[in-house]
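A.B. asks: Below is the structure I would like to discuss, written out as structure tokens.
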Amino acid sequence: MPDYETLRLIWWLLLGVLLIGFAVMDGFDLGVAIIYRFIGRNDDEKRALLESIEPVWDGNQVWFILGGGAVFAAWPLLYAASFSGLYLAMFLVLLTFIVRPVGFNYRNKLTDPRWRSAWDWALFSGGSAAALLFGVAIGNLFLGLPFSIDALGRPVFVPVFFSLLTPFALLAGVVSLAMLAMHGAAYAALKSEEPIAARARRSGQIAALIYAAAFIGSGIWLAAGIPGLQIDSGPGPNGPSNPLLKTVSAARYGWLHNFAHTPALWAAPLGALVAAALTALLLRARRDVLAFAASALTQAATILTAGFALFPFLLPSSTHPADSLTVWDASSSRLTLFIMLIAVLIFIPIVLIYTAWVFRVLRGRIRLDEVRRQLGIY
């Protein structure tokens, strides 16, 4: 059995993999929901865009479920603190997820344009709100969340949802919103016929530009004005899972400490910007498959950038920094991590194989004439 430090590090990496999987797989259907009302000029075109994501959106949710399960199994204190303290925010995210299947099922039940327009706006709002809230959540990790750990090891959270909507967190939300809109545009360009694909390509180029500007702006803001946390003393990577045994201090440029110590980590933020630029260029060149791949790389590099900056912190505290949850003091036992690792090594390949098979079966573009024929039948 690997030592405790190695297992904790492996699970931190696996959590990152699951988040990347969610951003790449579920991100494109959220992105299509963000832009489809604007790149689909009539009801047939909008229906074609929805047809591109309806068969796969529920399977993409597997990554979200796996991420939540991983947090529950590997980081129980993180699960307890985040799911209880951020209950309202997570409820809103789940509400946006519920809107999508309801919209898919009910949008075409009536032919009244007002009915369909209302569901179009509902789908747009659901995709946009979810994308924005994901970024706001990441932004607040750098600012710290208002919680502490009591003497019994229980997280005590101050429930202040609207105080989480700070300017920096909202800028991080813009990064997420633009990134997923770009990803959705790349997918729509890949799956749609002209003229929808052409509009999707233009939307993706605009979203890539907004993403790059917001990403650079948030990085500058983070470096110049937001202190980062550092662990001064504690049990160490092989120590017990007790957040109360360490001391933590805040330092200017603290969130850049890992990048200064390991310059190779700069490949993540630079890779994110390069991949976004490539996405825009490839969309302009009508290389839709490569553009989608570059967009997926943008998602991965962005998440890695945040993870590298925060490491080893999982959930920093703004009110009691020493109570912040880290990779080294918020995990399950060594045996639990090992057993769960075996389960992951068995089931993740199954998920990947099944996902690859589904997308192979559903390969090809959605044809407008087929959509019109189906609508005529119904």
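Residue numbering restarts at 1 for every chain of the structure tokens, chains are lettered A, B, ... in their displayed order, and ligands are numbered from 1 as they appear.
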With the cut-off set at 6 Å and counting only C-alpha atoms, tabulate each residue of segment 252-311 of chain A with an atom at most that distance from an atom of segment 207-231 of chain A, showing the nearest atom pair and its distance in Å to one decimal, ordered by chain and increasing number, as JSON lines.

C.D. replies:
{"residue": "A:Arg252", "atom": "CA", "partner": "A:Pro227", "partner_atom": "CA", "distance": 4.5}
{"residue": "A:Tyr253", "atom": "CA", "partner": "A:Ala223", "partner_atom": "CA", "distance": 5.4}
{"residue": "A:Gly254", "atom": "CA", "partner": "A:Gly228", "partner_atom": "CA", "distance": 3.7}
{"residue": "A:Trp255", "atom": "CA", "partner": "A:Gly228", "partner_atom": "CA", "distance": 4.6}
{"residue": "A:Ala276", "atom": "CA", "partner": "A:Ala208", "partner_atom": "CA", "distance": 5.6}

A.B. asks: Assign secondary structure with DSSP using the backbone only, and return the residues of segment 64-283 of chain A in helix (DSSP H, G or I) as JSON, numbers by chain.

C.D. replies: {"A": [64, 65, 66, 67, 68, 69, 70, 71, 72, 73, 74, 76, 77, 78, 79, 80, 81, 82, 83, 84, 85, 87, 88, 89, 90, 91, 92, 93, 94, 95, 96, 97, 98, 99, 100, 101, 102, 103, 104, 105, 106, 113, 114, 115, 116, 117, 118, 119, 120, 121, 122, 123, 124, 125, 126, 127, 128, 129, 130, 131, 132, 133, 134, 135, 136, 137, 138, 139, 140, 141, 142, 143, 162, 163, 164, 167, 168, 169, 170, 171, 172, 173, 174, 175, 176, 177, 178, 179, 180, 181, 182, 183, 184, 185, 186, 187, 188, 189, 190, 191, 196, 197, 198, 199, 200, 201, 202, 203, 204, 205, 206, 207, 208, 209, 210, 211, 212, 213, 214, 215, 216, 217, 218, 219, 220, 221, 222, 223, 224, 225, 243, 244, 245, 254, 255, 256, 257, 258, 259, 260, 261, 263, 264, 265, 266, 267, 268, 269, 270, 271, 272, 273, 274, 275, 276, 277, 278, 279, 280, 281, 282, 283]}

A.B. asks: With only C-alpha atoms as the atoms that count, which of A:Gly204, A:Val62, A:Glu54, A:His261 lies nearest to Ile366 of chain A?

C.D. replies: A:Glu54

A.B. asks: DSSP on the backbone, then: every residue of segment 196-336 of chain A marked strand (DSSP E or B), written as number ranges by chain.

C.D. replies: A: 228-233, 247-251, 313-315, 317, 325-326

A.B. asks: Compile the contact shell of Ser333 of chain A as a list in words: residues with an atom at most 9 Å away, counting only C-alpha atoms, same-chain residues fewer than 4 positions apart removed.

C.D. replies: Tyr4, Ala74, Pro240, Ser241, Leu337 and Phe338 of chain A

A.B. asks: Between A:Leu141, A:Ala130, A:Ile65, A:Leu15, which one has atoms that come closest to Leu315 of chain A, using only C-alpha atoms?

C.D. replies: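 Using only C-alpha atoms, the shortest distance to Leu315 of chain A belongs to A:Leu141.
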
A.B. asks: With the cut-off set at 12 Å and counting only C-alpha atoms, tabulate each residue of segment 182-252 of chain A with an atom at most that distance from an atom of segment 283-292 of chain A, showing the nearest atom pair and its distance in Å to one decimal, ordered by chain and increasing number, as CSV.

C.D. replies:
residue,atom,partner,partner_atom,distance
A:Met182,CA,A:Phe292,CA,9.1
A:His183,CA,A:Phe292,CA,6.8
A:Gly184,CA,A:Phe292,CA,8.8
A:Ala185,CA,A:Phe292,CA,8.7
A:Ala186,CA,A:Phe292,CA,5.1
A:Tyr187,CA,A:Phe292,CA,6.1
A:Ala188,CA,A:Asp288,CA,9.2
A:Ala189,CA,A:Asp288,CA,6.2
A:Leu190,CA,A:Asp288,CA,5.1
A:Lys191,CA,A:Asp288,CA,8.9
A:Ser192,CA,A:Asp288,CA,10.4
A:Glu193,CA,A:Asp288,CA,11.6
A:Glu194,CA,A:Arg286,CA,11.3
A:Ala197,CA,A:Arg286,CA,9.0
A:Ala198,CA,A:Arg286,CA,8.5
A:Arg199,CA,A:Leu283,CA,10.5
A:Ala200,CA,A:Leu283,CA,8.7
A:Arg201,CA,A:Leu283,CA,5.3
A:Arg202,CA,A:Arg284,CA,7.6
A:Ser203,CA,A:Leu283,CA,9.6
A:Gly204,CA,A:Leu283,CA,7.3
A:Gln205,CA,A:Leu283,CA,7.1
A:Ile206,CA,A:Leu283,CA,10.8
A:Ala207,CA,A:Leu283,CA,11.6
A:Ala208,CA,A:Leu283,CA,10.4

A.B. asks: May I have the residues from that selection written out with N, CA, C and O atoms, as a CSV table (one decimal), in the first residue's frame?

C.D. replies:
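Contents of again-v4.csv, as written:
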chain,number,residue,atom,x,y,z
A,182,MET,N,-17.0,29.6,-25.1
A,182,MET,CA,-16.1,29.2,-26.1
A,182,MET,C,-16.1,27.7,-26.4
A,182,MET,O,-16.1,27.3,-27.6
A,183,HIS,N,-16.2,26.9,-25.4
A,183,HIS,CA,-16.2,25.5,-25.6
A,183,HIS,C,-17.5,25.0,-26.2
A,183,HIS,O,-17.5,24.2,-27.1
A,184,GLY,N,-18.6,25.6,-25.8
A,184,GLY,CA,-19.9,25.3,-26.4
A,184,GLY,C,-19.9,25.7,-27.9
A,184,GLY,O,-20.5,25.0,-28.8
A,185,ALA,N,-19.3,26.9,-28.2
A,185,ALA,CA,-19.3,27.3,-29.6
A,185,ALA,C,-18.4,26.4,-30.5
A,185,ALA,O,-18.8,26.1,-31.6
A,186,ALA,N,-17.3,25.9,-29.9
A,186,ALA,CA,-16.5,25.0,-30.7
A,186,ALA,C,-17.3,23.7,-30.9
A,186,ALA,O,-17.2,23.1,-32.0
A,187,TYR,N,-18.0,23.2,-29.9
A,187,TYR,CA,-18.8,22.0,-30.1
A,187,TYR,C,-20.0,22.3,-31.1
A,187,TYR,O,-20.2,21.4,-32.0
A,188,ALA,N,-20.6,23.4,-31.0
A,188,ALA,CA,-21.7,23.7,-32.0
A,188,ALA,C,-21.2,23.8,-33.4
A,188,ALA,O,-21.8,23.4,-34.4
A,189,ALA,N,-20.0,24.4,-33.6
A,189,ALA,CA,-19.4,24.5,-34.9
A,189,ALA,C,-19.0,23.1,-35.4
A,189,ALA,O,-19.2,22.8,-36.6
A,190,LEU,N,-18.7,22.2,-34.5
A,190,LEU,CA,-18.3,20.8,-34.9
A,190,LEU,C,-19.6,20.0,-35.3
A,190,LEU,O,-19.5,19.2,-36.2
A,191,LYS,N,-20.7,20.2,-34.6
A,191,LYS,CA,-21.9,19.4,-34.8
A,191,LYS,C,-23.0,20.0,-35.7
A,191,LYS,O,-23.9,19.3,-36.0
A,192,SER,N,-22.8,21.3,-36.1
A,192,SER,CA,-23.9,21.9,-36.8
A,192,SER,C,-23.5,22.1,-38.3
A,192,SER,O,-22.3,22.2,-38.6
A,193,GLU,N,-24.5,22.3,-39.1
A,193,GLU,CA,-24.3,22.7,-40.5
A,193,GLU,C,-24.3,24.2,-40.6
A,193,GLU,O,-24.6,25.0,-39.7
A,194,GLU,N,-23.9,24.7,-41.8
A,194,GLU,CA,-23.9,26.1,-42.1
A,194,GLU,C,-25.4,26.5,-42.3
A,194,GLU,O,-26.2,25.7,-42.7
A,197,ALA,N,-23.0,26.8,-38.0
A,197,ALA,CA,-21.6,26.6,-37.7
A,197,ALA,C,-20.8,27.9,-37.8
A,197,ALA,O,-19.9,28.2,-37.0
A,198,ALA,N,-21.1,28.7,-38.9
A,198,ALA,CA,-20.3,30.0,-39.1
A,198,ALA,C,-20.6,30.9,-37.9
A,198,ALA,O,-19.7,31.6,-37.4
A,199,ARG,N,-21.8,31.0,-37.5
A,199,ARG,CA,-22.2,31.9,-36.3
A,199,ARG,C,-21.5,31.4,-35.0
A,199,ARG,O,-21.0,32.2,-34.2
A,200,ALA,N,-21.5,30.0,-34.9
A,200,ALA,CA,-20.8,29.5,-33.7
A,200,ALA,C,-19.3,29.8,-33.7
A,200,ALA,O,-18.7,30.1,-32.6
A,201,ARG,N,-18.7,29.7,-34.9
A,201,ARG,CA,-17.3,30.1,-34.9
A,201,ARG,C,-17.0,31.5,-34.5
A,201,ARG,O,-16.0,31.8,-33.8
A,202,ARG,N,-17.8,32.4,-35.0
A,202,ARG,CA,-17.7,33.8,-34.6
A,202,ARG,C,-17.9,34.0,-33.1
A,202,ARG,O,-17.1,34.7,-32.5
A,203,SER,N,-18.9,33.4,-32.6
A,203,SER,CA,-19.1,33.5,-31.2
A,203,SER,C,-18.0,32.9,-30.4
A,203,SER,O,-17.6,33.4,-29.3
A,204,GLY,N,-17.4,31.8,-30.8
A,204,GLY,CA,-16.3,31.2,-30.1
A,204,GLY,C,-15.0,32.1,-30.1
A,204,GLY,O,-14.3,32.2,-29.1
A,205,GLN,N,-14.8,32.8,-31.2
A,205,GLN,CA,-13.7,33.7,-31.3
A,205,GLN,C,-13.9,34.9,-30.3
A,205,GLN,O,-12.9,35.3,-29.6
A,206,ILE,N,-15.1,35.4,-30.2
A,206,ILE,CA,-15.4,36.5,-29.3
A,206,ILE,C,-15.2,36.0,-27.8
A,206,ILE,O,-14.6,36.7,-27.0
A,207,ALA,N,-15.8,34.8,-27.5
A,207,ALA,CA,-15.7,34.2,-26.2
A,207,ALA,C,-14.2,34.0,-25.8
A,207,ALA,O,-13.8,34.2,-24.7
A,208,ALA,N,-13.4,33.6,-26.8
A,208,ALA,CA,-12.0,33.3,-26.5
A,208,ALA,C,-11.3,34.6,-26.1
A,208,ALA,O,-10.4,34.6,-25.2

A.B. asks: Using only C-alpha atoms, pick whichever of A:Tyr36, A:Trp57, A:Phe91, A:Trp328 has the shortest atom-to-atom distance to Phe311 of chain A.

C.D. replies: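 The closest residue to Phe311 of chain A is A:Trp328.
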
A.B. asks: Can you pull out the residues contacting segment 101-104 of chain A? Cut-off 8 Å, using only C-alpha atoms, and skip same-chain residues under 4 positions away; I want them as a list in words.

C.D. replies: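 Here the qualifying residues turn out to be Leu50, Glu54, Phe97, Asn108, Trp119, Asp120, Ala122 and Leu123 of chain A.
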
A.B. asks: Name the residues in contact with Leu180 of chain A at a cut-off of 9 Å, using only C-alpha atoms, excluding same-chain residues fewer than 3 positions from it; report them as an MDAnalysis selection string.

C.D. replies: chainID A and resid 23:24 27:32 34 131 175:177 183:185 207 295 299

A.B. asks: For segment 163-173 of chain A, list every protein, DNA or RNA residue within 6 Å, evaluated using only C-alpha atoms, and leave out those in the same chain fewer than 3 positions away; present the list as a list in words.

C.D. replies: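 Skipping anything fewer than 3 positions along the chain leaves Leu132, Gly135, Val136, Gly139, Asn140, Val160 and Ser176 of chain A.
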
A.B. asks: Export, as a tab-separated table (two decimals), in the first residue's frame, the selected residues with N, CA, C and O atoms.

C.D. replies:
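Contents of part18.tsv, as written:
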chain	number	residue	atom	x	y	z
A	132	LEU	N	-21.37	30.75	-14.49
A	132	LEU	CA	-20.94	31.88	-13.67
A	132	LEU	C	-20.67	31.44	-12.24
A	132	LEU	O	-19.65	31.81	-11.64
A	135	GLY	N	-17.35	29.62	-11.64
A	135	GLY	CA	-16.22	30.54	-11.55
A	135	GLY	C	-16.21	31.33	-10.26
A	135	GLY	O	-15.14	31.55	-9.67
A	136	VAL	N	-17.38	31.76	-9.80
A	136	VAL	CA	-17.47	32.48	-8.53
A	136	VAL	C	-16.96	31.61	-7.39
A	136	VAL	O	-16.26	32.09	-6.48
A	139	GLY	N	-13.21	31.57	-7.54
A	139	GLY	CA	-12.70	32.87	-7.10
A	139	GLY	C	-12.72	33.02	-5.60
A	139	GLY	O	-11.79	33.56	-4.99
A	140	ASN	N	-13.76	32.50	-4.95
A	140	ASN	CA	-13.87	32.61	-3.50
A	140	ASN	C	-12.88	31.72	-2.77
A	140	ASN	O	-12.57	31.96	-1.60
A	160	VAL	N	-23.43	33.43	4.43
A	160	VAL	CA	-23.55	34.77	3.82
A	160	VAL	C	-23.39	34.63	2.31
A	160	VAL	O	-22.33	34.92	1.75
A	176	SER	N	-14.99	31.80	-16.21
A	176	SER	CA	-15.69	30.52	-16.40
A	176	SER	C	-16.77	30.63	-17.47
A	176	SER	O	-16.90	29.76	-18.34
